[in-house]
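K.L.:
Pasting start.txt below, which is compact mmCIF, C-alpha atoms.
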```
# COMPACT_ATOMS: atom_id res chain seq x y z
CA MET A 246 190.71 74.00 86.53
CA ASN A 247 190.87 76.84 83.99
CA VAL A 248 192.09 76.19 80.47
CA GLY A 249 192.30 79.03 77.96
CA THR A 250 193.61 80.46 74.74
CA ARG A 251 194.17 83.90 73.20
CA ILE A 252 193.11 84.76 69.65
CA THR A 253 193.61 87.95 67.63
CA VAL A 254 190.61 88.84 65.47
CA THR A 255 191.04 91.53 62.81
CA SER A 256 187.54 91.91 61.34
CA PRO A 257 183.85 91.32 62.09
CA ASP A 258 183.92 88.42 59.58
CA GLN A 259 186.73 86.79 61.57
CA MET A 260 184.73 87.29 64.79
CA ARG A 261 181.74 85.47 63.22
CA ASP A 262 184.06 82.74 62.00
CA LEU A 263 185.44 82.36 65.54
CA GLY A 264 181.84 81.94 66.74
CA ARG A 265 181.26 79.22 64.11
CA ARG A 266 184.43 77.39 65.23
CA LEU A 267 183.44 77.74 68.88
CA ALA A 268 179.98 76.32 68.12
CA LYS A 269 181.63 73.03 67.07
CA LEU A 270 182.88 72.59 70.65
CA LEU A 271 179.54 73.38 72.31
CA ARG A 272 176.89 70.94 73.46
CA PRO A 273 173.60 71.11 75.37
CA GLY A 274 174.12 72.48 78.87
CA ASP A 275 177.01 74.77 77.99
CA LEU A 276 177.05 78.28 79.42
CA VAL A 277 179.07 80.90 77.55
CA LEU A 278 179.76 84.25 79.24
CA LEU A 279 180.64 87.07 76.84
CA THR A 280 182.48 90.05 78.27
CA GLY A 281 183.58 93.20 76.46
CA GLU A 282 182.76 96.87 76.11
CA LEU A 283 179.96 98.17 73.90
CA GLY A 284 180.79 97.40 70.28
CA ALA A 285 183.51 94.89 71.14
CA GLY A 286 181.91 92.10 69.09
CA LYS A 287 179.90 90.03 71.57
CA THR A 288 176.79 89.92 69.38
CA THR A 289 178.87 89.33 66.24
CA LEU A 290 180.50 86.33 67.92
CA THR A 291 177.07 85.08 69.04
CA ARG A 292 175.80 85.44 65.46
CA GLY A 293 178.60 83.05 64.46
CA LEU A 294 177.58 80.69 67.29
CA GLY A 295 174.04 80.64 65.89
CA GLU A 296 175.31 79.92 62.39
CA GLY A 297 177.58 77.15 63.67
CA LEU A 298 174.81 75.60 65.76
CA GLY A 299 172.37 75.82 62.85
CA VAL A 300 169.63 77.72 64.65
CA ARG A 301 166.60 79.52 63.28
CA GLY A 302 166.29 83.28 63.16
CA ALA A 303 168.68 86.16 62.85
CA VAL A 304 170.86 86.49 65.93
CA THR A 305 170.63 90.11 66.99
CA SER A 306 171.26 91.85 70.27
CA PRO A 307 168.51 90.99 72.75
CA THR A 308 169.09 94.21 74.73
CA PHE A 309 165.43 95.19 74.96
CA VAL A 310 163.87 91.73 75.21
CA ILE A 311 166.74 90.53 77.47
CA ALA A 312 166.60 86.93 76.20
CA ARG A 313 165.85 85.35 72.86
CA VAL A 314 165.58 81.63 72.06
CA HIS A 315 166.75 80.42 68.65
CA PRO A 316 165.48 76.86 68.06
CA SER A 317 167.68 74.42 66.19
CA LEU A 318 166.90 73.80 62.53
CA GLY A 319 168.34 70.28 62.90
CA ASP A 320 169.10 67.96 65.77
CA GLY A 321 171.44 70.32 67.65
CA PRO A 322 170.69 72.35 70.76
CA PRO A 323 168.79 75.63 70.67
CA LEU A 324 170.71 78.82 71.39
CA VAL A 325 169.46 81.02 74.22
CA HIS A 326 170.98 84.49 73.74
CA VAL A 327 170.80 86.74 76.79
CA ASP A 328 171.81 90.37 77.27
CA ALA A 329 172.24 90.96 81.00
CA TYR A 330 173.37 94.58 80.59
CA ARG A 331 170.20 96.06 82.13
CA LEU A 332 169.94 93.44 84.86
CA ASN A 333 171.36 94.69 88.12
CA GLY A 334 170.06 92.00 90.45
CA GLY A 335 172.50 89.30 89.43
CA LEU A 336 171.31 85.72 89.69
CA ASP A 337 168.01 86.68 91.35
CA GLU A 338 166.90 88.60 88.26
CA MET A 339 168.34 85.95 85.99
CA GLU A 340 166.21 83.32 87.74
CA ASP A 341 163.12 85.17 86.50
CA LEU A 342 164.26 84.26 82.97
CA ASP A 343 164.24 80.52 83.87
CA LEU A 344 167.69 80.04 82.39
CA ASP A 345 168.31 77.19 84.80
CA VAL A 346 165.40 75.37 83.10
CA SER A 347 166.75 76.11 79.59
CA LEU A 348 170.39 75.36 80.36
CA PRO A 349 170.40 71.52 80.36
CA ASP A 350 168.97 71.32 76.82
CA SER A 351 170.43 74.50 75.28
CA VAL A 352 173.58 76.44 74.70
CA VAL A 353 173.16 79.65 76.70
CA ALA A 354 175.25 82.66 75.65
CA VAL A 355 175.08 85.61 78.05
CA GLU A 356 176.41 89.02 77.11
CA TRP A 357 177.36 91.16 80.11
CA GLY A 358 176.97 88.08 82.33
CA GLU A 359 180.20 88.28 84.29
CA GLY A 360 179.45 88.58 88.00
CA LYS A 361 175.77 87.77 87.37
CA VAL A 362 175.33 84.22 86.06
CA GLU A 363 178.31 82.16 87.18
CA GLY A 364 176.03 80.45 89.71
CA LEU A 365 174.05 78.85 86.89
CA ALA A 366 176.80 76.34 86.09
CA GLU A 367 180.04 75.11 87.63
CA ASP A 368 181.38 74.50 84.14
CA ARG A 369 181.32 77.46 81.79
CA LEU A 370 183.21 79.20 79.06
CA HIS A 371 184.36 82.79 79.51
CA VAL A 372 184.98 84.80 76.34
CA VAL A 373 186.58 88.19 76.97
CA ILE A 374 186.82 90.53 73.96
CA GLN A 375 189.00 93.63 74.12
CA ARG A 376 189.88 96.23 71.54
CA THR A 377 193.62 96.39 70.97
CA VAL A 378 193.90 100.11 71.68
CA GLY A 379 197.12 101.66 70.47
CA SER A 380 198.22 98.43 68.74
CA ASP A 381 201.62 98.30 67.05
CA MET A 382 201.32 101.79 65.58
CA ALA A 383 201.37 103.51 68.96
CA GLY A 384 204.45 105.64 69.29
CA SER A 385 205.28 105.17 65.61
CA ASP A 386 206.40 108.07 63.43
CA MET A 387 204.38 106.57 60.60
CA ALA A 388 201.39 108.58 59.34
CA VAL A 389 198.14 106.70 59.92
CA THR A 390 195.67 106.82 57.04
CA ASP A 391 191.89 106.55 57.52
CA THR A 392 191.98 103.01 56.09
CA MET A 393 194.72 101.98 58.51
CA ALA A 394 192.82 103.53 61.44
CA ALA A 395 189.68 101.60 60.46
CA ASP A 396 191.70 98.37 60.27
CA VAL A 397 193.22 98.99 63.71
CA ASP A 398 189.76 99.73 65.13
CA ASP A 399 188.57 96.26 64.06
CA VAL A 400 191.38 94.39 65.85
CA ARG A 401 190.24 92.49 68.93
CA ASP A 402 192.09 90.39 71.48
CA VAL A 403 189.83 87.48 72.43
CA VAL A 404 190.60 85.29 75.43
CA VAL A 405 188.57 82.10 75.70
CA THR A 406 188.83 80.35 79.07
CA GLY A 407 187.13 77.11 80.05
CA VAL A 408 186.17 76.81 83.71
CA GLY A 409 185.44 73.44 85.30
CA THR A 410 185.90 69.81 84.39
CA ARG A 411 183.74 70.09 81.25
CA TRP A 412 186.45 72.18 79.59
CA ALA A 413 189.52 70.41 81.00
CA GLY A 414 189.81 68.07 78.02
CA GLU A 415 188.83 70.53 75.25
CA ASP A 416 191.50 71.88 72.92
CA LEU A 417 190.60 75.57 72.99
CA ALA A 418 193.82 76.34 71.10
CA SER A 419 192.10 74.86 68.04
CA LEU A 420 189.93 77.99 68.00
CA ALA A 421 192.89 80.02 66.78
CA GLY A 422 192.04 78.68 63.39
```
What does the file become when written as structure tokens?
P.N.:
Amino acid sequence: MNVGTRITVTSPDQMRDLGRRLAKLLRPGDLVLLTGELGAGKTTLTRGLGEGLGVRGAVTSPTFVIARVHPSLGDGPPLVHVDAYRLNGGLDEMEDLDLDVSLPDSVVAVEWGEGKVEGLAEDRLHVVIQRTVGSDMAGSDMAVTDTMAADVDDVRDVVVTGVGTRWAGEDLASLAG
């Protein structure tokens, strides 16, 4: 069963706030797959997850270390932040990271994980972030100022979909804020 919701985010601060709201729904054992092009906001959202979960350390892109563990500062789960961009071997390469060992006790957020880590958990959350290219000003006769162009560039369409029984009862629409 897939349950999902669509959210429009208009700034990096709103993306972080979405991550903080999402963190309130997460518990140990949750797998979050983050999909979106370079610069879409995956790491910004994960930074908000870390803030919401109350973990130690600055959440930054783990591109070169591939995975980074952020222990909880309280009694919540640690956040394991993975960047699977450079991993081509799918689940075989992911197994080298021992994510299956970390998963039961942690929240695992995987950037670029689609098609690579779904086998880690039957229940998972897919977060797809897309730029809203062309937005409402496309085809308009209105002159676009630099400020307006910057504002349009920050707009993201975020679709959050729960997969499996774990997410069947969650109100993902509450994420819309």
K.L.:
Considering only C-alpha atoms, can you say which of A:Val355, A:Leu290, A:Leu298, A:Val408 comes closest to A:Val254?
P.N.:
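The shortest atom-to-atom distance to A:Val254 comes from A:Leu290.
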K.L.:
Nearest to A:Gly264 among A:Ala413, A:Leu420, A:Ala303, A:Ala329, with distances taken over only C-alpha atoms: which residue is it?
P.N.:
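The closest residue to A:Gly264 is A:Leu420.
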K.L.:
Figure out the distance between atom CA of A:Arg331 and atom CA of A:Asp402, please, to one decimal in Å.
P.N.:
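Computed distance, atom CA of A:Asp402 to atom CA of A:Arg331, equals 25.0 Å.
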K.L.:
Work out how far atom CA of A:Asp416 is from atom CA of A:Asp399, in Å to one decimal.
P.N.:
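About the pair atom CA of A:Asp399 and atom CA of A:Asp416: they are 26.1 Å apart.
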K.L.:
Centre and edge lengths, as lines of an AutoDock Vina configuration file, for the axis-aligned box enclosing every listed atom of stretch 248-255 of chain A with 8 Å of padding on each of the six sides, in Å to one decimal?
P.N.:
```
center_x = 192.4
center_y = 83.9
center_z = 71.6
size_x = 19.6
size_y = 31.3
size_z = 33.7
```
K.L.:
Go through A:Val378, A:Ala418, A:Val314, A:Leu294 and flag the residue nearest A:Leu279, using all atoms listed in the file for the distances.
P.N.:
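That would be A:Leu294, the residue with the smallest distance to A:Leu279.
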K.L.:
Nearest to A:His315 among A:Arg272, A:Ala354, A:Ala285, A:Val404, with distances taken over all atoms listed in the file: which residue is it?
P.N.:
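Of all the options, A:Ala354 lies closest to A:His315.
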K.L.:
Could you check which of A:Gly281, A:Gly295, A:Gly358, A:Gly249 is closest to A:Arg313, using only C-alpha atoms?
P.N.:
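For A:Arg313, the nearest of the given residues is A:Gly295.
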K.L.:
Give me, please, the distance in Å between atom CA of A:Asp398 and atom CA of A:Thr289, quoted to one decimal.
P.N.:
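Going from atom CA of A:Asp398 over to atom CA of A:Thr289 covers 15.1 Å.
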K.L.:
Nearest residue to A:Pro316 out of A:Val372, A:Tyr330, A:Ser351, A:Arg292, using only C-alpha atoms?
P.N.:
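For A:Pro316, the nearest of the given residues is A:Ser351.
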K.L.:
Fewer than 4 positions away in the same chain doesn't count, so skip those; otherwise give me all residues within 6 Å of A:Ser317, counting all atoms listed in the file, as an NGL selection string.
P.N.:
:A and (299-301 or 321-323)
K.L.:
Would you kindly return, as an mmCIF file with C-alpha atoms, in the frame of the given file, each protein, DNA or RNA residue with an atom no farther than 7 Å from any atom of A:Asp328, considering only C-alpha atoms and excluding same-chain residues fewer than 6 positions away?
P.N.:
```cif
data_model
loop_
_atom_site.group_PDB
_atom_site.id
_atom_site.type_symbol
_atom_site.label_atom_id
_atom_site.label_comp_id
_atom_site.auth_asym_id
_atom_site.auth_seq_id
_atom_site.Cartn_x
_atom_site.Cartn_y
_atom_site.Cartn_z
ATOM 1 C CA PRO A 307 168.510 90.990 72.750
ATOM 2 C CA THR A 308 169.090 94.210 74.730
ATOM 3 C CA ILE A 311 166.740 90.530 77.470
ATOM 4 C CA ALA A 312 166.600 86.930 76.200
ATOM 5 C CA VAL A 355 175.080 85.610 78.050
ATOM 6 C CA GLU A 356 176.410 89.020 77.110
ATOM 7 C CA TRP A 357 177.360 91.160 80.110
#
```
K.L.:
Just the residues within 10 Å of A:Pro349, please, counting all atoms listed in the file, with nothing from its chain fewer than 5 positions along; format it as a count of residues only.
P.N.:
8
K.L.:
Might you pull out every residue within 12 Å of A:Asp262, with all atoms listed in the file counted and same-chain residues fewer than 3 positions away left off, and present them as a ChimeraX atom specification?
P.N.:
/A:254-259,265-269,286,289-297,420-422
K.L.:
Distance cut-off 7 Å, centre (191.6, 81.9, 78.1) in file coordinates, counting all atoms listed in the file: which residues qualify? Return them as a count of residues only.
P.N.:
8
K.L.:
Could you give me, as a compact mmCIF listing (two decimals) with C-alpha atoms, in the coordinates of the input, the residues within 8 Å of A:Thr288, counting all atoms listed in the file and dropping anything in the same chain fewer than 5 positions from it?
P.N.:
```
# COMPACT_ATOMS: atom_id res chain seq x y z
CA VAL A 304 170.86 86.49 65.93
CA THR A 305 170.63 90.11 66.99
CA SER A 306 171.26 91.85 70.27
CA GLU A 356 176.41 89.02 77.11
```
